[in-house]
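Visitor: So I've got this file, start_25.pdb, and it contains PDB, C-alpha atoms, pLDDT in the B column:
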MODEL        1
ATOM      1  CA  MET A   7     -18.045  12.505  -9.546  1.00 78.00           C
ATOM      2  CA  ASP A   8     -16.064  15.493  -8.332  1.00 93.00           C
ATOM      3  CA  TYR A   9     -14.834  15.482  -4.716  1.00 97.00           C
ATOM      4  CA  THR A  10     -13.463  19.019  -4.713  1.00 96.00           C
ATOM      5  CA  ALA A  11     -15.924  21.032  -2.617  1.00 96.00           C
ATOM      6  CA  PRO A  12     -14.179  23.651  -0.457  1.00 96.00           C
ATOM      7  CA  PRO A  13     -13.483  22.598   3.149  1.00 97.00           C
ATOM      8  CA  VAL A  14     -15.979  23.705   5.773  1.00 98.00           C
ATOM      9  CA  GLU A  15     -15.661  24.007   9.541  1.00 98.00           C
ATOM     10  CA  VAL A  16     -18.788  23.094  11.487  1.00 98.00           C
ATOM     11  CA  SER A  17     -19.490  22.778  15.218  1.00 98.00           C
ATOM     12  CA  PHE A  18     -21.661  20.057  16.732  1.00 98.00           C
ATOM     13  CA  LYS A  19     -22.901  19.179  20.211  1.00 98.00           C
ATOM     14  CA  GLY A  20     -22.560  15.448  19.550  1.00 98.00           C
ATOM     15  CA  LEU A  21     -21.804  12.834  16.905  1.00 98.00           C
ATOM     16  CA  LEU A  22     -23.812   9.691  16.103  1.00 98.00           C
ATOM     17  CA  PHE A  23     -22.003   7.053  14.040  1.00 98.00           C
ATOM     18  CA  ASP A  24     -23.528   4.252  12.065  1.00 98.00           C
ATOM     19  CA  MET A  25     -21.371   1.118  12.247  1.00 96.00           C
ATOM     20  CA  ASP A  26     -21.086  -0.937   9.069  1.00 95.00           C
ATOM     21  CA  GLY A  27     -20.026   1.155   6.108  1.00 95.00           C
ATOM     22  CA  THR A  28     -19.135   4.057   8.391  1.00 98.00           C
ATOM     23  CA  ILE A  29     -16.669   2.702  10.967  1.00 98.00           C
ATOM     24  CA  ILE A  30     -16.006  -0.723   9.465  1.00 97.00           C
ATOM     25  CA  ASP A  31     -16.571  -2.442   6.128  1.00 96.00           C
ATOM     26  CA  SER A  32     -17.753  -5.995   6.639  1.00 93.00           C
ATOM     27  CA  THR A  33     -19.295  -6.381   3.184  1.00 89.00           C
ATOM     28  CA  ALA A  34     -17.368  -9.543   2.309  1.00 91.00           C
ATOM     29  CA  ALA A  35     -18.296 -11.123   5.637  1.00 92.00           C
ATOM     30  CA  VAL A  36     -21.958 -10.121   5.318  1.00 88.00           C
ATOM     31  CA  VAL A  37     -22.199 -11.651   1.848  1.00 90.00           C
ATOM     32  CA  LYS A  38     -20.913 -14.975   3.183  1.00 91.00           C
ATOM     33  CA  HIS A  39     -23.188 -14.689   6.211  1.00 87.00           C
ATOM     34  CA  TRP A  40     -26.377 -14.083   4.208  1.00 87.00           C
ATOM     35  CA  HIS A  41     -25.525 -16.902   1.828  1.00 90.00           C
ATOM     36  CA  THR A  42     -25.392 -19.226   4.839  1.00 89.00           C
ATOM     37  CA  VAL A  43     -28.597 -17.844   6.348  1.00 87.00           C
ATOM     38  CA  GLY A  44     -30.405 -17.745   2.997  1.00 90.00           C
ATOM     39  CA  ASN A  45     -29.654 -21.386   2.342  1.00 88.00           C
ATOM     40  CA  GLU A  46     -30.775 -22.217   5.876  1.00 87.00           C
ATOM     41  CA  ILE A  47     -34.159 -20.488   5.557  1.00 87.00           C
ATOM     42  CA  GLY A  48     -34.705 -21.329   1.887  1.00 88.00           C
ATOM     43  CA  VAL A  49     -34.407 -17.805   0.466  1.00 85.00           C
ATOM     44  CA  ASP A  50     -32.155 -16.780  -2.420  1.00 89.00           C
ATOM     45  CA  PRO A  51     -29.194 -14.970  -0.759  1.00 86.00           C
ATOM     46  CA  GLU A  52     -28.995 -12.513  -3.649  1.00 86.00           C
ATOM     47  CA  VAL A  53     -32.549 -11.407  -2.931  1.00 83.00           C
ATOM     48  CA  ILE A  54     -31.583 -10.742   0.688  1.00 85.00           C
ATOM     49  CA  LEU A  55     -28.420  -8.857  -0.230  1.00 84.00           C
ATOM     50  CA  GLN A  56     -30.275  -6.480  -2.552  1.00 82.00           C
ATOM     51  CA  THR A  57     -32.010  -4.805   0.394  1.00 74.00           C
ATOM     52  CA  SER A  58     -30.188  -5.886   3.568  1.00 74.00           C
ATOM     53  CA  HIS A  59     -27.591  -3.136   4.018  1.00 70.00           C
ATOM     54  CA  GLY A  60     -28.564  -0.622   6.668  1.00 71.00           C
ATOM     55  CA  ARG A  61     -31.606  -2.644   7.724  1.00 81.00           C
ATOM     56  CA  ARG A  62     -32.077  -4.785  10.819  1.00 89.00           C
ATOM     57  CA  SER A  63     -31.906  -8.542  10.317  1.00 90.00           C
ATOM     58  CA  ILE A  64     -35.118  -8.971  12.255  1.00 93.00           C
ATOM     59  CA  ASP A  65     -36.952  -6.656   9.840  1.00 90.00           C
ATOM     60  CA  MET A  66     -35.635  -8.668   6.886  1.00 87.00           C
ATOM     61  CA  LEU A  67     -36.693 -11.941   8.510  1.00 91.00           C
ATOM     62  CA  LYS A  68     -40.201 -10.649   9.268  1.00 92.00           C
ATOM     63  CA  VAL A  69     -40.713 -10.550   5.511  1.00 88.00           C
ATOM     64  CA  LEU A  70     -38.582 -13.474   4.345  1.00 88.00           C
ATOM     65  CA  SER A  71     -38.903 -16.009   7.158  1.00 90.00           C
ATOM     66  CA  PRO A  72     -41.307 -14.891   9.904  1.00 94.00           C
ATOM     67  CA  GLU A  73     -40.697 -17.970  12.064  1.00 94.00           C
ATOM     68  CA  LYS A  74     -37.061 -16.870  12.447  1.00 92.00           C
ATOM     69  CA  ALA A  75     -37.919 -13.262  13.276  1.00 93.00           C
ATOM     70  CA  ASN A  76     -37.129 -13.373  16.990  1.00 95.00           C
ATOM     71  CA  TRP A  77     -34.302 -11.808  18.960  1.00 96.00           C
ATOM     72  CA  GLU A  78     -32.901 -15.109  20.220  1.00 96.00           C
ATOM     73  CA  TYR A  79     -32.296 -16.347  16.675  1.00 94.00           C
ATOM     74  CA  VAL A  80     -31.097 -12.987  15.327  1.00 94.00           C
ATOM     75  CA  LYS A  81     -28.618 -12.348  18.148  1.00 96.00           C
ATOM     76  CA  HIS A  82     -27.190 -15.862  17.874  1.00 94.00           C
ATOM     77  CA  MET A  83     -26.975 -15.616  14.090  1.00 93.00           C
ATOM     78  CA  GLU A  84     -25.217 -12.238  14.193  1.00 94.00           C
ATOM     79  CA  SER A  85     -22.874 -13.251  17.020  1.00 95.00           C
ATOM     80  CA  LEU A  86     -21.376 -15.868  14.688  1.00 94.00           C
ATOM     81  CA  LEU A  87     -20.514 -13.369  11.969  1.00 93.00           C
ATOM     82  CA  PRO A  88     -17.343 -11.846  13.535  1.00 95.00           C
ATOM     83  CA  LYS A  89     -16.288 -15.251  14.870  1.00 94.00           C
ATOM     84  CA  LEU A  90     -16.536 -17.021  11.515  1.00 93.00           C
ATOM     85  CA  HIS A  91     -15.623 -14.198   9.149  1.00 94.00           C
ATOM     86  CA  GLY A  92     -13.503 -11.835  11.232  1.00 93.00           C
ATOM     87  CA  ALA A  93     -10.725 -11.740   8.668  1.00 94.00           C
ATOM     88  CA  ASP A  94     -13.127 -10.364   6.066  1.00 95.00           C
ATOM     89  CA  ALA A  95     -13.774  -7.026   7.806  1.00 95.00           C
ATOM     90  CA  VAL A  96     -11.642  -3.889   7.587  1.00 96.00           C
ATOM     91  CA  GLU A  97     -11.738  -0.379   9.009  1.00 97.00           C
ATOM     92  CA  ILE A  98     -13.215   2.454   6.994  1.00 98.00           C
ATOM     93  CA  PRO A  99     -10.255   4.762   6.237  1.00 98.00           C
ATOM     94  CA  GLY A 100     -10.055   7.574   8.787  1.00 98.00           C
ATOM     95  CA  ALA A 101     -12.451   5.983  11.286  1.00 98.00           C
ATOM     96  CA  ARG A 102      -9.905   4.997  13.930  1.00 98.00           C
ATOM     97  CA  SER A 103      -8.119   8.347  13.973  1.00 98.00           C
ATOM     98  CA  LEU A 104     -11.412  10.265  14.221  1.00 98.00           C
ATOM     99  CA  LEU A 105     -12.673   8.088  17.076  1.00 98.00           C
ATOM    100  CA  ASP A 106      -9.337   8.363  18.888  1.00 98.00           C
ATOM    101  CA  SER A 107      -9.448  12.156  18.662  1.00 98.00           C
ATOM    102  CA  LEU A 108     -13.018  12.252  19.994  1.00 98.00           C
ATOM    103  CA  ILE A 109     -12.137   9.991  22.915  1.00 98.00           C
ATOM    104  CA  ALA A 110      -9.025  12.035  23.761  1.00 97.00           C
ATOM    105  CA  ALA A 111     -11.195  15.175  23.817  1.00 97.00           C
ATOM    106  CA  ASN A 112     -13.934  13.540  25.917  1.00 97.00           C
ATOM    107  CA  ALA A 113     -16.376  14.459  23.164  1.00 98.00           C
ATOM    108  CA  LYS A 114     -19.972  13.253  23.020  1.00 98.00           C
ATOM    109  CA  TRP A 115     -20.348  10.402  20.538  1.00 98.00           C
ATOM    110  CA  ALA A 116     -22.262   7.149  20.184  1.00 98.00           C
ATOM    111  CA  ILE A 117     -22.728   4.276  17.768  1.00 98.00           C
ATOM    112  CA  VAL A 118     -26.250   3.867  16.371  1.00 98.00           C
ATOM    113  CA  THR A 119     -26.528   0.701  14.317  1.00 96.00           C
ATOM    114  CA  SER A 120     -28.955  -1.761  12.781  1.00 93.00           C
ATOM    115  CA  GLY A 121     -26.799  -4.595  14.121  1.00 93.00           C
ATOM    116  CA  THR A 122     -27.361  -6.391  17.399  1.00 95.00           C
ATOM    117  CA  GLU A 123     -25.153  -5.909  20.441  1.00 96.00           C
ATOM    118  CA  PRO A 124     -23.283  -9.225  19.937  1.00 96.00           C
ATOM    119  CA  LEU A 125     -22.508  -8.219  16.352  1.00 96.00           C
ATOM    120  CA  VAL A 126     -21.256  -4.738  17.242  1.00 96.00           C
ATOM    121  CA  GLY A 127     -19.173  -5.907  20.192  1.00 97.00           C
ATOM    122  CA  GLY A 128     -17.755  -8.753  18.146  1.00 97.00           C
ATOM    123  CA  TRP A 129     -16.589  -6.508  15.314  1.00 97.00           C
ATOM    124  CA  LEU A 130     -15.102  -3.887  17.650  1.00 97.00           C
ATOM    125  CA  ASP A 131     -13.174  -6.612  19.458  1.00 97.00           C
ATOM    126  CA  VAL A 132     -11.944  -8.287  16.255  1.00 96.00           C
ATOM    127  CA  LEU A 133     -10.698  -4.991  14.818  1.00 97.00           C
ATOM    128  CA  LYS A 134      -9.534  -3.665  18.205  1.00 97.00           C
ATOM    129  CA  LEU A 135     -11.585  -0.509  17.823  1.00 97.00           C
ATOM    130  CA  PRO A 136     -12.821   1.503  20.823  1.00 96.00           C
ATOM    131  CA  HIS A 137     -16.142   0.625  22.404  1.00 97.00           C
ATOM    132  CA  PRO A 138     -18.426   3.650  22.819  1.00 97.00           C
ATOM    133  CA  ALA A 139     -19.785   4.730  26.173  1.00 96.00           C
ATOM    134  CA  HIS A 140     -23.184   4.993  24.475  1.00 98.00           C
ATOM    135  CA  LEU A 141     -24.614   2.406  22.086  1.00 98.00           C
ATOM    136  CA  VAL A 142     -27.932   2.019  20.262  1.00 98.00           C
ATOM    137  CA  THR A 143     -28.449  -1.369  18.613  1.00 97.00           C
ATOM    138  CA  ALA A 144     -31.179  -3.194  16.745  1.00 95.00           C
ATOM    139  CA  GLU A 145     -32.720  -4.413  20.002  1.00 95.00           C
ATOM    140  CA  SER A 146     -32.970  -0.868  21.380  1.00 96.00           C
ATOM    141  CA  VAL A 147     -35.900   0.319  19.252  1.00 95.00           C
ATOM    142  CA  ALA A 148     -39.199  -1.033  17.966  1.00 94.00           C
ATOM    143  CA  ASN A 149     -38.605   0.133  14.397  1.00 93.00           C
ATOM    144  CA  GLY A 150     -35.364   0.171  12.429  1.00 92.00           C
ATOM    145  CA  LYS A 151     -33.961   2.685   9.950  1.00 93.00           C
ATOM    146  CA  PRO A 152     -35.254   4.692   8.097  1.00 95.00           C
ATOM    147  CA  ASP A 153     -37.409   5.276  11.177  1.00 96.00           C
ATOM    148  CA  PRO A 154     -35.686   8.032  13.203  1.00 98.00           C
ATOM    149  CA  ALA A 155     -36.246   6.325  16.582  1.00 98.00           C
ATOM    150  CA  CYS A 156     -32.679   5.024  16.769  1.00 97.00           C
ATOM    151  CA  TYR A 157     -31.144   8.468  16.283  1.00 98.00           C
ATOM    152  CA  ASP A 158     -33.641  10.046  18.676  1.00 98.00           C
ATOM    153  CA  LEU A 159     -32.487   7.503  21.263  1.00 98.00           C
ATOM    154  CA  GLY A 160     -28.851   8.182  20.413  1.00 98.00           C
ATOM    155  CA  ARG A 161     -29.400  11.877  21.082  1.00 98.00           C
ATOM    156  CA  GLU A 162     -31.015  11.072  24.425  1.00 98.00           C
ATOM    157  CA  LYS A 163     -28.081   8.850  25.408  1.00 98.00           C
ATOM    158  CA  LEU A 164     -25.731  11.787  24.797  1.00 98.00           C
ATOM    159  CA  GLY A 165     -27.808  13.859  27.219  1.00 98.00           C
ATOM    160  CA  LEU A 166     -29.021  16.200  24.496  1.00 98.00           C
ATOM    161  CA  ARG A 167     -32.524  17.562  23.907  1.00 98.00           C
ATOM    162  CA  PRO A 168     -34.762  17.447  20.826  1.00 98.00           C
ATOM    163  CA  GLU A 169     -34.014  21.107  20.132  1.00 98.00           C
ATOM    164  CA  ASP A 170     -30.311  20.172  19.929  1.00 98.00           C
ATOM    165  CA  SER A 171     -30.883  17.864  16.951  1.00 98.00           C
ATOM    166  CA  PRO A 172     -29.832  20.402  14.271  1.00 98.00           C
ATOM    167  CA  GLU A 173     -26.464  20.601  16.064  1.00 98.00           C
ATOM    168  CA  ILE A 174     -25.912  16.833  16.057  1.00 98.00           C
ATOM    169  CA  LEU A 175     -24.038  15.130  13.229  1.00 98.00           C
ATOM    170  CA  VAL A 176     -25.094  11.701  12.001  1.00 98.00           C
ATOM    171  CA  LEU A 177     -22.417   9.846  10.017  1.00 98.00           C
ATOM    172  CA  GLU A 178     -23.995   7.286   7.668  1.00 98.00           C
ATOM    173  CA  ASP A 179     -23.441   5.342   4.459  1.00 96.00           C
ATOM    174  CA  SER A 180     -26.813   3.774   3.649  1.00 93.00           C
ATOM    175  CA  PRO A 181     -29.773   5.660   2.187  1.00 95.00           C
ATOM    176  CA  ALA A 182     -32.024   4.231   4.917  1.00 93.00           C
ATOM    177  CA  GLY A 183     -29.673   5.498   7.620  1.00 96.00           C
ATOM    178  CA  ILE A 184     -29.241   8.903   5.989  1.00 98.00           C
ATOM    179  CA  ARG A 185     -33.013   9.317   5.833  1.00 97.00           C
ATOM    180  CA  ALA A 186     -33.311   8.245   9.484  1.00 97.00           C
ATOM    181  CA  GLY A 187     -30.803  10.889  10.533  1.00 98.00           C
ATOM    182  CA  LYS A 188     -32.575  13.589   8.547  1.00 98.00           C
ATOM    183  CA  ALA A 189     -35.956  12.522   9.928  1.00 98.00           C
ATOM    184  CA  ALA A 190     -34.498  12.888  13.427  1.00 98.00           C
ATOM    185  CA  GLY A 191     -33.707  16.511  12.603  1.00 98.00           C
ATOM    186  CA  CYS A 192     -29.921  16.021  12.581  1.00 98.00           C
ATOM    187  CA  LYS A 193     -27.284  17.127  10.117  1.00 98.00           C
ATOM    188  CA  VAL A 194     -26.030  14.118   8.128  1.00 98.00           C
ATOM    189  CA  LEU A 195     -22.678  13.294   6.569  1.00 98.00           C
ATOM    190  CA  GLY A 196     -23.060  10.672   3.842  1.00 98.00           C
ATOM    191  CA  LEU A 197     -20.183   8.302   3.054  1.00 98.00           C
ATOM    192  CA  VAL A 198     -19.820   6.735  -0.385  1.00 98.00           C
ATOM    193  CA  THR A 199     -18.608   3.352   0.848  1.00 96.00           C
ATOM    194  CA  SER A 200     -21.383   0.803   0.424  1.00 92.00           C
ATOM    195  CA  HIS A 201     -23.628   2.518  -2.117  1.00 93.00           C
ATOM    196  CA  THR A 202     -23.104   4.539  -5.261  1.00 95.00           C
ATOM    197  CA  ALA A 203     -22.685   8.293  -5.061  1.00 97.00           C
ATOM    198  CA  GLU A 204     -25.999   8.638  -6.909  1.00 96.00           C
ATOM    199  CA  GLN A 205     -27.795   6.598  -4.243  1.00 96.00           C
ATOM    200  CA  VAL A 206     -26.235   8.657  -1.452  1.00 97.00           C
ATOM    201  CA  VAL A 207     -27.109  11.926  -3.209  1.00 97.00           C
ATOM    202  CA  ALA A 208     -30.719  10.790  -3.591  1.00 97.00           C
ATOM    203  CA  ALA A 209     -31.015  10.364   0.197  1.00 97.00           C
ATOM    204  CA  GLU A 210     -30.142  14.077   0.588  1.00 97.00           C
ATOM    205  CA  PRO A 211     -27.455  14.255   3.293  1.00 98.00           C
ATOM    206  CA  ASP A 212     -25.936  17.637   4.112  1.00 98.00           C
ATOM    207  CA  TRP A 213     -22.418  16.637   3.080  1.00 98.00           C
ATOM    208  CA  ILE A 214     -21.018  13.737   1.042  1.00 98.00           C
ATOM    209  CA  VAL A 215     -17.474  12.384   1.272  1.00 98.00           C
ATOM    210  CA  ARG A 216     -15.677   9.243   0.171  1.00 98.00           C
ATOM    211  CA  ASP A 217     -14.739   8.146   3.716  1.00 98.00           C
ATOM    212  CA  LEU A 218     -13.702   9.496   7.111  1.00 98.00           C
ATOM    213  CA  ARG A 219     -10.278  10.661   5.953  1.00 98.00           C
ATOM    214  CA  SER A 220     -12.195  13.781   4.946  1.00 98.00           C
ATOM    215  CA  VAL A 221     -13.258  14.520   8.538  1.00 98.00           C
ATOM    216  CA  ARG A 222     -10.909  15.945  11.164  1.00 98.00           C
ATOM    217  CA  MET A 223     -11.575  17.314  14.641  1.00 98.00           C
ATOM    218  CA  LEU A 224     -10.218  20.854  15.026  1.00 98.00           C
ATOM    219  CA  ALA A 225     -11.380  21.786  18.507  1.00 97.00           C
ATOM    220  CA  SER A 226     -13.449  20.541  21.432  1.00 97.00           C
ATOM    221  CA  GLY A 227     -15.340  22.142  24.284  1.00 95.00           C
ATOM    222  CA  ALA A 228     -15.830  21.339  27.943  1.00 94.00           C
ATOM    223  CA  ASP A 229     -19.447  20.449  27.157  1.00 95.00           C
ATOM    224  CA  GLY A 230     -18.408  17.604  24.827  1.00 97.00           C
ATOM    225  CA  GLY A 231     -19.034  19.538  21.640  1.00 98.00           C
ATOM    226  CA  VAL A 232     -16.575  19.563  18.752  1.00 98.00           C
ATOM    227  CA  THR A 233     -15.631  21.565  15.693  1.00 98.00           C
ATOM    228  CA  LEU A 234     -14.946  19.459  12.618  1.00 98.00           C
ATOM    229  CA  ARG A 235     -13.286  20.172   9.301  1.00 98.00           C
ATOM    230  CA  ILE A 236     -15.023  18.431   6.399  1.00 98.00           C
ATOM    231  CA  ALA A 237     -12.892  18.391   3.255  1.00 98.00           C
ATOM    232  CA  ASP A 238     -12.935  16.826  -0.213  1.00 97.00           C
ATOM    233  CA  GLY A 239     -16.714  16.783  -0.353  1.00 98.00           C
ATOM    234  CA  LEU A 240     -18.723  15.773  -3.370  1.00 97.00           C
ATOM    235  CA  VAL A 241     -19.765  18.636  -5.607  1.00 96.00           C
ATOM    236  CA  VAL A 242     -23.316  17.920  -6.693  1.00 87.00           C
ATOM    237  CA  GLY A 243     -24.109  19.572 -10.000  1.00 74.00           C
ATOM    238  CA  PRO A 244     -27.243  20.246 -12.071  1.00 64.00           C
ATOM    239  CA  SER A 245     -27.195  16.752 -13.572  1.00 53.00           C
ATOM    240  CA  ASP A 246     -27.684  15.350 -10.063  1.00 50.00           C
ATOM    241  CA  GLY A 247     -30.783  17.424  -9.500  1.00 43.00           C
ATOM    242  CA  THR A 248     -29.257  20.270  -7.453  1.00 39.00           C
ATOM    243  CA  THR A 249     -27.032  23.245  -8.106  1.00 32.00           C
ATOM    244  CA  THR A 250     -25.009  23.386  -4.886  1.00 37.00           C
ATOM    245  CA  GLY A 251     -21.960  21.632  -3.502  1.00 44.00           C
ATOM    246  CA  ALA A 252     -22.985  18.888  -1.080  1.00 46.00           C
ATOM    247  CA  ALA A 253     -20.076  19.760   1.194  1.00 45.00           C
ATOM    248  CA  ALA A 254     -20.778  23.491   1.153  1.00 40.00           C
ATOM    249  CA  THR A 255     -23.569  23.392   3.738  1.00 42.00           C
ATOM    250  CA  THR A 256     -22.801  25.021   7.094  1.00 39.00           C
ATOM    251  CA  SER A 257     -24.639  25.259  10.350  1.00 38.00           C
TER     252      SER A 257
ENDMDL
END
How does this structure look as structure tokens?
Guide:
Amino acid sequence: MDYTAPPVEVSFKGLLFDMDGTIIDSTAAVVKHWHTVGNEIGVDPEVILQTSHGRRSIDMLKVLSPEKANWEYVKHMESLLPKLHGADAVEIPGARSLLDSLIAANAKWAIVTSGTEPLVGGWLDVLKLPHPAHLVTAESVANGKPDPACYDLGREKLGLRPEDSPEILVLEDSPAGIRAGKAAGCKVLGLVTSHTAEQVVAAEPDWIVRDLRSVRMLASGADGGVTLRIADGLVVGPSDGTTTGAAATTS
């Protein structure tokens, strides 16, 4: 894979960040967590892990263990994850500096995640990362990713309208999340952190990068909008099913 696409500068009215795989990497903790839960509910943890990333726990449990598919159980279960496995999570490279620059500029941004509020707050506290003014969690919507409802709600929380969606950037790592952002009408930046580049390409984001070190804020406006520089994007060639550079899209 060739991460040499020319840099692009793109302006957005707001940014919507996924959490795990985009701001933090809690893969090691999640593996331990699902092994514990799988043994508890009598389901092979490896079966759970094959499809769990980017999906809400409650949606997984509806299929695997319907009697556990309630918010009381899910929120308690997820609240334990940062407490028991906090040392197993790390920041995605570039995430902290990008968030700090957005906060300093009073830019419009939110976290939109498949995790519950106790899980998100727990990880942000453990890693001492900033809490967003606007948050969409698993409990916020009836249907999880790839349904676009979460990103539609994120847009609303930023005070933006449906017609603004093409000028909103979703930052995501999972195919389900990328598809949710696209279905919401947003531009999507795909990160190759939790899935293979081929899997990210197949979800058809507008740009693909390794991590957030490739994204830098260049300017901000009084309305909360920002101009970003996206560098070192993946060049997607004919063998991947397209003939254009994934980081060469502009808006």
Visitor: Where does the PyMOL selection byres ((chain A and resi 22) around 12) land in this file, that is, which residues does it pick, as a VMD selection string?
Guide: chain A and resid 18 to 21 23 to 25 28 to 29 105 108 113 to 119 138 to 142 156 to 164 166 171 173 to 178 183 to 184 186 to 187 190 192 to 195
Visitor: Given the file above and the PyMOL selection byres ((chain A and resi 58-61) around 9), which residues are selected, and can you give them as a list in words?
Guide: Asp24, Asp26, Gly27, Thr33, Val53, Ile54, Leu55, Gln56, Thr57, Arg62, Ser63, Ile64, Asp65, Met66, Thr119, Ser120, Gly121, Gly150, Lys151, Pro152, Asp179, Ser180, Pro181, Ala182, Gly183 and Ser200 of chain A
Visitor: Would you list the residues near (-8.6, 11.4, 17.5), meaning any protein, DNA or RNA residue with an atom at most 12 Å from that point in file coordinates, counting all atoms listed in the file, as a PyMOL selection string?
Guide: chain A and resi 100-113+136+218-219+221-226+232+234
Visitor: What does the distance from CA of Ala209 (chain A) to CA of Arg185 (chain A) come to in Å, to one decimal?
Guide: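 So the answer is 6.1 Å.
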Visitor: Would you compute the distance between CA of Ala34 (chain A) and CA of Asp94 (chain A)? Give it in Å to one decimal.
Guide: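 Spanning CA of Ala34 (chain A) to CA of Asp94 (chain A) is a straight-line distance of 5.7 Å.
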Visitor: Quick one, how far is CA of Ala11 (chain A) from CA of Gly239 (chain A)?
Guide: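 Separation between CA of Ala11 (chain A) and CA of Gly239 (chain A): 4.9 Å.
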Visitor: Residues within 7 Å of Trp40 (chain A), please, as a PyMOL selection string. Count only C-alpha atoms; anything in the same chain fewer than 4 positions from it doesn't count.
Guide: chain A and resi 36+44+51
Visitor: Residues of the last selection are to be written out with C-alpha atoms, as a compact mmCIF listing (two decimals), in the coordinates of the input.
Guide:
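Written out: out.txt:
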# COMPACT_ATOMS: atom_id res chain seq x y z
CA VAL A 36 -21.96 -10.12 5.32
CA GLY A 44 -30.40 -17.74 3.00
CA PRO A 51 -29.19 -14.97 -0.76
Visitor: Which one is closest to Val215 (chain A): A:Asp229, A:Gly196, A:Thr202, A:Val80? Count only C-alpha atoms.
Guide: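 Answer, going by the shortest atom-to-atom distance: A:Gly196.
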Visitor: For the structure provided, state which residues fall under the PyMOL selection byres ((chain A and resi 122) around 6), and present them as a PyMOL selection string.
Guide: chain A and resi 121+123-125+143-144
Visitor: Save out the residues we just selected, C-alpha atoms, as a compact mmCIF listing (two decimals), in the coordinates of the input.
Guide:
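again-v2.txt, freshly written:
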# COMPACT_ATOMS: atom_id res chain seq x y z
CA GLY A 121 -26.80 -4.60 14.12
CA GLU A 123 -25.15 -5.91 20.44
CA PRO A 124 -23.28 -9.22 19.94
CA LEU A 125 -22.51 -8.22 16.35
CA THR A 143 -28.45 -1.37 18.61
CA ALA A 144 -31.18 -3.19 16.74
Visitor: Which residues, written as an MDAnalysis selection string, have at least one atom at most 8 Å from Asp8 (chain A), with only C-alpha atoms counted and residues fewer than 3 positions away on the same chain left out?
Guide: chainID A and resid 11 240:242
Visitor: Leaving out Gly92 (chain A) and any residue of its chain fewer than 5 positions from it, which residues lie within 9 Å of it when counting all atoms listed in the file, given as number ranges by chain?
Guide: A: 32, 35, 87, 128-129, 132-133
Visitor: Take region 183-197 of chain A, bring it up to N, CA and C atoms, and give me the output as an mmCIF file, in the frame of the given file.
Guide:
data_model
loop_
_atom_site.group_PDB
_atom_site.id
_atom_site.type_symbol
_atom_site.label_atom_id
_atom_site.label_comp_id
_atom_site.auth_asym_id
_atom_site.auth_seq_id
_atom_site.Cartn_x
_atom_site.Cartn_y
_atom_site.Cartn_z
ATOM 1 N N GLY A 183 -30.240 4.839 6.449
ATOM 2 C CA GLY A 183 -29.673 5.498 7.620
ATOM 3 C C GLY A 183 -29.608 6.999 7.462
ATOM 4 N N ILE A 184 -29.270 7.457 6.261
ATOM 5 C CA ILE A 184 -29.241 8.903 5.989
ATOM 6 C C ILE A 184 -30.630 9.491 6.196
ATOM 7 N N ARG A 185 -31.634 8.819 5.680
ATOM 8 C CA ARG A 185 -33.013 9.317 5.833
ATOM 9 C C ARG A 185 -33.447 9.291 7.302
ATOM 10 N N ALA A 186 -32.987 8.295 8.057
ATOM 11 C CA ALA A 186 -33.311 8.245 9.484
ATOM 12 C C ALA A 186 -32.707 9.433 10.215
ATOM 13 N N GLY A 187 -31.447 9.749 9.894
ATOM 14 C CA GLY A 187 -30.803 10.889 10.533
ATOM 15 C C GLY A 187 -31.495 12.200 10.201
ATOM 16 N N LYS A 188 -31.877 12.370 8.938
ATOM 17 C CA LYS A 188 -32.575 13.589 8.547
ATOM 18 C C LYS A 188 -33.943 13.676 9.214
ATOM 19 N N ALA A 189 -34.639 12.530 9.292
ATOM 20 C CA ALA A 189 -35.956 12.522 9.928
ATOM 21 C C ALA A 189 -35.869 12.843 11.417
ATOM 22 N N ALA A 190 -34.712 12.563 12.020
ATOM 23 C CA ALA A 190 -34.498 12.888 13.427
ATOM 24 C C ALA A 190 -34.125 14.350 13.624
ATOM 25 N N GLY A 191 -34.001 15.094 12.523
ATOM 26 C CA GLY A 191 -33.707 16.511 12.603
ATOM 27 C C GLY A 191 -32.229 16.834 12.689
ATOM 28 N N CYS A 192 -31.366 15.824 12.466
ATOM 29 C CA CYS A 192 -29.921 16.021 12.581
ATOM 30 C C CYS A 192 -29.315 16.440 11.245
ATOM 31 N N LYS A 193 -28.098 16.987 11.315
ATOM 32 C CA LYS A 193 -27.284 17.127 10.117
ATOM 33 C C LYS A 193 -26.711 15.752 9.797
ATOM 34 N N VAL A 194 -26.495 15.448 8.520
ATOM 35 C CA VAL A 194 -26.030 14.118 8.128
ATOM 36 C C VAL A 194 -24.855 14.227 7.162
ATOM 37 N N LEU A 195 -23.812 13.462 7.459
ATOM 38 C CA LEU A 195 -22.678 13.294 6.569
ATOM 39 C C LEU A 195 -22.810 11.934 5.900
ATOM 40 N N GLY A 196 -22.926 11.921 4.577
ATOM 41 C CA GLY A 196 -23.060 10.672 3.842
ATOM 42 C C GLY A 196 -21.721 10.188 3.324
ATOM 43 N N LEU A 197 -21.413 8.911 3.540
ATOM 44 C CA LEU A 197 -20.183 8.302 3.054
ATOM 45 C C LEU A 197 -20.486 7.431 1.840
#
